[in-house]
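Visitor: Just passing along the structure, written as structure tokens.
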Amino acid sequence: MVHSILSRLSGSLAAIIGASAIAFLFLRVLPGNPARLIVGPLASEETLHAQMERMGLHEPIYVQYWRYMRDFVTGDWGFSYGAGQPVLVQFQLRFPASIELGIYAFIFAFLAAVVLALLATYRHRPVMDATVRMLSIFGMGMPPFWLALILLVVFHEALGMFPGPGAQLSRALTPPPEVTRLLTIDALIAGELRTFANAFQHLVLPAIALGMLPFGYLVRLLRANLLDVRNEPFILVVRSKGIGYWAATVRHALPNAFLPTLTASGMIFAQLLGGSVLVEKVFNWPGIGSLVVDSILRKDFAVVQAFIIVSAVLYVFINGLVDLLYGIIDPRVRG
Amino acid sequence: MLRSNFDLSLSLFVLLLLAVLALLGPVFWPVDPLAISLRETLQAPSLAHPMGTDHIGRDIFARFNYGAKISLTVGIVVVVTGAVVGGAIGLVSGIVGGLLDNALMRFMDAILAFPPLILAMAVTVGLGGGLETAALGIMLTSVPYYARLIRSDVIRIRRLPFVEAAVASGAGITRIIVRHIIPHTVSTLLVQAAALFGYSVLALAALGFVGLGTQVPTPEWGVMITEGLQYALTGQWWIGVFPGFGLLAAVAATSILADKARDLLDPRGQYTQL
């Protein structure tokens, strides 16, 4: 047990170090001198060298990498010259909006996938099954930014059911006091139901646009596994003991069909928390995804580098959590 | 069975239709996709303009056809080069094994740990932008998927009896690799390539959407969706909606094809078909 935990930990660490090292190397190899970006094109060679000296750019690359990682761990994530702010401050400002959107998108994708997979496999109903298959293929084939546009045209422009892009909260409302910095949760903590409803309305369309692709993937996986498990002898035994269809499915088949879905969900959740570059752009969502794209376009690579490390850490951390969950759902894994 | 054949013929038909639009579009719809006509701006779809016109009066149908050509061409080029590079890495890794295998696979894992779109964007910006560099960036991010798959396939195949028989009858290593191992990985490679075609097309559109990759006057589907975005909320939905349908059709059709091909190659996995 201890051995397996240790080997998993070292594997995770290797993944994080590998990704950060490649990001670091790659962004350094790119044409363009970061010091030149700061001092400007007209500065003399002398100024440039002084700046390079100050940034430690004359040192060997592994020393630079070591310094960067050491600073990163102690909370110094570098300085974004494009935005004139420390990178960490930018992340603190932008991450909550992305996390909130990611959580709601995940809830949408997961719940929709479970419900539709159950419906698709219920008895033999080819029409329902074919509809779910279509939804799944469309969900995985649609560019999320295009779906976002369609949702805006239909539900905001034509029907007026949901607010348009550009805000997390209507201007008339004051944001709730900051506790978790997730608007809907803070509103609930403060007991302001109207603020909660408003923030939730702003989340619906972007969450659906962002959650559609993971939904398509999860429903496909879960449907296949449900069909698979349902043919196992133990389900026949359960049914022959007089337990109803739904009780047998929900209590016995679903938990067994869940394991592959759970693994996939972990990876999906990690990705969603990292923000979506494209959907955030369409909805003008003040999240981390739009920050990273703007930084890439500005060649402000300090932000990109930090983002890559944070994504790798999230990815590893959430997959670790999923492994723990496995033990709760499937007693065989505890051993 | 009937239904699965229907799926198959429908997706083949859709792909064929897109290919015809891409190749023969300029023949039967000879409108310049770049021709500006300020007298016909923002027109709704009509007989004269089946998909309407955009904010400077360009015909969206002509642009759609041109976009089909770009997306399909880039999709094919990215998939072929990615499969060759990834396949080669997988082959070397699986055959040589040991330290080299370990190093190559750790490298592939590290690439997989990146958010894929961000990596493709960073590569594109780093190499100077434009359609070719975008294609290169997307290709690089797809390489690990091929490499890992082919590696495990090679490791499986080289233990099979017929390889042993070839060794026993005195075949050299080159002959075994070229005549016995590579032909058996082709099917896996093809299925994976079909599955990654959709990813490549969508990624190109995504890069175009954020302003990397294809540059503005070129009618690429992602770029067209960006242009349509500003007009979507003032009622001119057709500018951005049609190119998205093109993407959806291309990606959905190839993913159905990939599924079918996988079922054919792996009869035991029948139930996973969707």
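Order determines the names: the first chain of the structure tokens is A, the second B, and so forth; residues in each chain are numbered 1 upward, and ligands are numbered 1 upward as they are shown.
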Show me a table, sorted first by chain and then by increasing residue number, of the residues of chain B having an atom at most 6 Å from chain A, each with its shortest atom pair and the distance in Å to one decimal, counting only C-alpha atoms and written as a Markdown table.

Guide:
```
| residue | atom | partner | partner_atom | distance |
| --- | --- | --- | --- | --- |
| B:Ala110 | CA | A:Ala19 | CA | 4.8 |
| B:Ala113 | CA | A:Ala312 | CA | 5.8 |
| B:Gly126 | CA | A:Leu30 | CA | 5.5 |
| B:Leu233 | CA | A:Glu157 | CA | 5.9 |
| B:Gly244 | CA | A:Trp146 | CA | 5.9 |
| B:Leu248 | CA | A:Met142 | CA | 5.1 |
| B:Val251 | CA | A:Gly141 | CA | 5.1 |
| B:Ala252 | CA | A:Gly141 | CA | 5.1 |
| B:Thr272 | CA | A:Ala224 | CA | 5.0 |
| B:Leu274 | CA | A:Arg133 | CA | 5.8 |
```

Visitor: Hey, what does DSSP flag as alpha helix (DSSP H) within stretch 187-289 of chain A? Can you give it to me as number ranges by chain?

Guide: A: 187-189, 193-230, 233-240, 245-247, 254-273, 277-282, 288-289

Visitor: Can those selected residues be exported to a file as a PDB file, in the first residue's frame so that it contains C-alpha atoms?

Guide:
```pdb
ATOM      1  CA  ALA A 187     -24.500  34.823  -2.594  1.00  0.00           C
ATOM      2  CA  LEU A 188     -25.890  31.771  -0.823  1.00  0.00           C
ATOM      3  CA  ILE A 189     -23.617  32.351   2.170  1.00  0.00           C
ATOM      4  CA  LEU A 193     -31.268  34.602  -3.136  1.00  0.00           C
ATOM      5  CA  ARG A 194     -31.855  37.189  -5.857  1.00  0.00           C
ATOM      6  CA  THR A 195     -28.143  37.622  -6.408  1.00  0.00           C
ATOM      7  CA  PHE A 196     -27.744  33.853  -6.519  1.00  0.00           C
ATOM      8  CA  ALA A 197     -30.503  33.483  -9.131  1.00  0.00           C
ATOM      9  CA  ASN A 198     -28.993  36.249 -11.224  1.00  0.00           C
ATOM     10  CA  ALA A 199     -25.470  34.865 -11.107  1.00  0.00           C
ATOM     11  CA  PHE A 200     -26.855  31.424 -11.918  1.00  0.00           C
ATOM     12  CA  GLN A 201     -28.689  32.758 -14.967  1.00  0.00           C
ATOM     13  CA  HIS A 202     -25.449  34.249 -16.222  1.00  0.00           C
ATOM     14  CA  LEU A 203     -23.793  30.851 -15.841  1.00  0.00           C
ATOM     15  CA  VAL A 204     -26.354  28.705 -17.655  1.00  0.00           C
ATOM     16  CA  LEU A 205     -25.425  29.371 -21.294  1.00  0.00           C
ATOM     17  CA  PRO A 206     -21.622  29.344 -20.922  1.00  0.00           C
ATOM     18  CA  ALA A 207     -21.840  26.218 -18.750  1.00  0.00           C
ATOM     19  CA  ILE A 208     -23.871  24.383 -21.397  1.00  0.00           C
ATOM     20  CA  ALA A 209     -21.543  25.526 -24.184  1.00  0.00           C
ATOM     21  CA  LEU A 210     -18.531  24.355 -22.192  1.00  0.00           C
ATOM     22  CA  GLY A 211     -20.129  21.148 -20.910  1.00  0.00           C
ATOM     23  CA  MET A 212     -21.455  19.822 -24.213  1.00  0.00           C
ATOM     24  CA  LEU A 213     -18.227  18.167 -25.336  1.00  0.00           C
ATOM     25  CA  PRO A 214     -17.577  16.355 -22.029  1.00  0.00           C
ATOM     26  CA  PHE A 215     -21.252  15.408 -21.980  1.00  0.00           C
ATOM     27  CA  GLY A 216     -20.944  13.756 -25.391  1.00  0.00           C
ATOM     28  CA  TYR A 217     -17.919  11.825 -24.246  1.00  0.00           C
ATOM     29  CA  LEU A 218     -19.323  10.750 -20.873  1.00  0.00           C
ATOM     30  CA  VAL A 219     -22.746   9.685 -22.134  1.00  0.00           C
ATOM     31  CA  ARG A 220     -21.123   7.496 -24.761  1.00  0.00           C
ATOM     32  CA  LEU A 221     -18.837   5.859 -22.241  1.00  0.00           C
ATOM     33  CA  LEU A 222     -21.526   5.356 -19.610  1.00  0.00           C
ATOM     34  CA  ARG A 223     -24.063   3.971 -22.103  1.00  0.00           C
ATOM     35  CA  ALA A 224     -21.596   1.389 -23.383  1.00  0.00           C
ATOM     36  CA  ASN A 225     -20.638   0.341 -19.860  1.00  0.00           C
ATOM     37  CA  LEU A 226     -24.242   0.158 -18.692  1.00  0.00           C
ATOM     38  CA  LEU A 227     -25.159  -2.138 -21.584  1.00  0.00           C
ATOM     39  CA  ASP A 228     -22.129  -4.218 -20.788  1.00  0.00           C
ATOM     40  CA  VAL A 229     -22.826  -4.585 -17.063  1.00  0.00           C
ATOM     41  CA  ARG A 230     -26.524  -5.238 -17.623  1.00  0.00           C
ATOM     42  CA  PRO A 233     -25.132 -12.753 -14.549  1.00  0.00           C
ATOM     43  CA  PHE A 234     -25.352 -10.900 -11.226  1.00  0.00           C
ATOM     44  CA  ILE A 235     -27.937  -8.509 -12.641  1.00  0.00           C
ATOM     45  CA  LEU A 236     -30.016 -11.512 -13.682  1.00  0.00           C
ATOM     46  CA  VAL A 237     -29.717 -12.841 -10.132  1.00  0.00           C
ATOM     47  CA  VAL A 238     -30.764  -9.509  -8.650  1.00  0.00           C
ATOM     48  CA  ARG A 239     -33.730  -9.257 -11.003  1.00  0.00           C
ATOM     49  CA  SER A 240     -34.765 -12.877 -10.356  1.00  0.00           C
ATOM     50  CA  TYR A 245     -35.765  -2.684 -13.050  1.00  0.00           C
ATOM     51  CA  TRP A 246     -34.849   0.752 -11.765  1.00  0.00           C
ATOM     52  CA  ALA A 247     -33.705  -0.465  -8.368  1.00  0.00           C
ATOM     53  CA  LEU A 254     -24.825   1.870 -12.287  1.00  0.00           C
ATOM     54  CA  PRO A 255     -22.079   1.677  -9.619  1.00  0.00           C
ATOM     55  CA  ASN A 256     -20.382  -1.083 -11.604  1.00  0.00           C
ATOM     56  CA  ALA A 257     -20.676   0.814 -14.865  1.00  0.00           C
ATOM     57  CA  PHE A 258     -19.304   3.954 -13.232  1.00  0.00           C
ATOM     58  CA  LEU A 259     -15.618   3.123 -12.889  1.00  0.00           C
ATOM     59  CA  PRO A 260     -14.400   4.043 -16.403  1.00  0.00           C
ATOM     60  CA  THR A 261     -16.664   7.095 -16.368  1.00  0.00           C
ATOM     61  CA  LEU A 262     -15.145   8.199 -13.088  1.00  0.00           C
ATOM     62  CA  THR A 263     -11.625   8.111 -14.500  1.00  0.00           C
ATOM     63  CA  ALA A 264     -12.725  10.093 -17.522  1.00  0.00           C
ATOM     64  CA  SER A 265     -14.630  12.527 -15.303  1.00  0.00           C
ATOM     65  CA  GLY A 266     -11.505  13.263 -13.312  1.00  0.00           C
ATOM     66  CA  MET A 267      -9.557  14.285 -16.380  1.00  0.00           C
ATOM     67  CA  ILE A 268     -12.495  16.267 -17.744  1.00  0.00           C
ATOM     68  CA  PHE A 269     -13.020  18.097 -14.476  1.00  0.00           C
ATOM     69  CA  ALA A 270      -9.354  19.030 -14.298  1.00  0.00           C
ATOM     70  CA  GLN A 271      -9.532  20.436 -17.808  1.00  0.00           C
ATOM     71  CA  LEU A 272     -12.747  22.350 -17.141  1.00  0.00           C
ATOM     72  CA  LEU A 273     -11.315  23.944 -13.990  1.00  0.00           C
ATOM     73  CA  VAL A 277     -10.131  29.517 -23.846  1.00  0.00           C
ATOM     74  CA  LEU A 278     -12.837  29.704 -26.472  1.00  0.00           C
ATOM     75  CA  VAL A 279     -16.112  29.767 -24.579  1.00  0.00           C
ATOM     76  CA  GLU A 280     -14.772  32.408 -22.205  1.00  0.00           C
ATOM     77  CA  LYS A 281     -13.944  34.552 -25.193  1.00  0.00           C
ATOM     78  CA  VAL A 282     -17.441  34.352 -26.686  1.00  0.00           C
ATOM     79  CA  ILE A 288      -8.191  32.402 -16.783  1.00  0.00           C
ATOM     80  CA  GLY A 289      -8.729  31.066 -20.323  1.00  0.00           C
TER      81      GLY A 289
END
```

Visitor: Do you have the atom CA of B:Phe209-atom CA of B:Ile225 distance handy?

Guide: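 Atom-to-atom, atom CA of B:Phe209 and atom CA of B:Ile225 are spaced 6.8 Å apart.
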
Visitor: Give me, as a compact mmCIF listing (two decimals) with N, CA and C atoms, in the first residue's frame, all polymer residues having an atom no more than 9 Å from B:Ile70, counting only C-alpha atoms and skipping those fewer than 3 positions away in the same chain.

Guide:
```
# COMPACT_ATOMS: atom_id res chain seq x y z
N ALA B 22 -15.76 21.47 -51.71
CA ALA B 22 -14.40 22.01 -51.60
C ALA B 22 -13.70 22.03 -52.96
N ASN B 65 -17.44 27.22 -49.14
CA ASN B 65 -16.77 26.22 -49.98
C ASN B 65 -15.26 26.32 -49.86
N TYR B 66 -14.77 27.56 -49.87
CA TYR B 66 -13.33 27.75 -49.74
C TYR B 66 -12.86 27.24 -48.37
N GLY B 67 -13.67 27.52 -47.33
CA GLY B 67 -13.35 27.04 -45.98
C GLY B 67 -13.30 25.52 -45.92
N THR B 73 -8.20 20.01 -46.36
CA THR B 73 -6.79 19.86 -46.73
C THR B 73 -5.91 19.81 -45.48
N VAL B 74 -6.10 20.81 -44.59
CA VAL B 74 -5.27 20.85 -43.39
C VAL B 74 -5.51 19.60 -42.55
N GLY B 75 -6.79 19.20 -42.43
CA GLY B 75 -7.10 17.99 -41.66
C GLY B 75 -6.33 16.80 -42.19
N PRO B 219 -11.03 32.88 -46.01
CA PRO B 219 -12.24 32.31 -45.45
C PRO B 219 -12.02 30.93 -44.86
N GLU B 220 -11.51 30.89 -43.63
CA GLU B 220 -11.40 29.62 -42.93
C GLU B 220 -12.60 29.57 -41.97
N TRP B 221 -13.14 28.38 -41.71
CA TRP B 221 -14.39 28.29 -40.94
C TRP B 221 -14.29 28.95 -39.56
```

Visitor: Would you mind reading off the distance between atom CA of A:Gly11 and atom CA of B:Leu99, one decimal, in Å?

Guide: 16.9 Å

Visitor: Skipping near chain neighbours, those fewer than 4 positions away, what residues fall within 6 Å of stretch 200-207 of chain B using only C-alpha atoms, listed as a PDB file with C-alpha atoms, in the first residue's frame?

Guide:
```pdb
ATOM      1  CA  SER B  71     -10.293  22.534 -43.365  1.00  0.00           C
ATOM      2  CA  GLY B  75      -7.098  17.995 -41.655  1.00  0.00           C
ATOM      3  CA  LEU B 212      -3.876  32.635 -34.842  1.00  0.00           C
ATOM      4  CA  GLY B 213      -3.412  30.398 -37.824  1.00  0.00           C
ATOM      5  CA  GLY B 222     -13.043  29.313 -37.529  1.00  0.00           C
TER       6      GLY B 222
END
```

Visitor: Between atom CA of B:His49 and atom CA of B:Phe61, what is the distance, to one decimal in Å?

Guide: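 Taking atom CA of B:His49 as the start and atom CA of B:Phe61 as the end point, the length is 6.9 Å.
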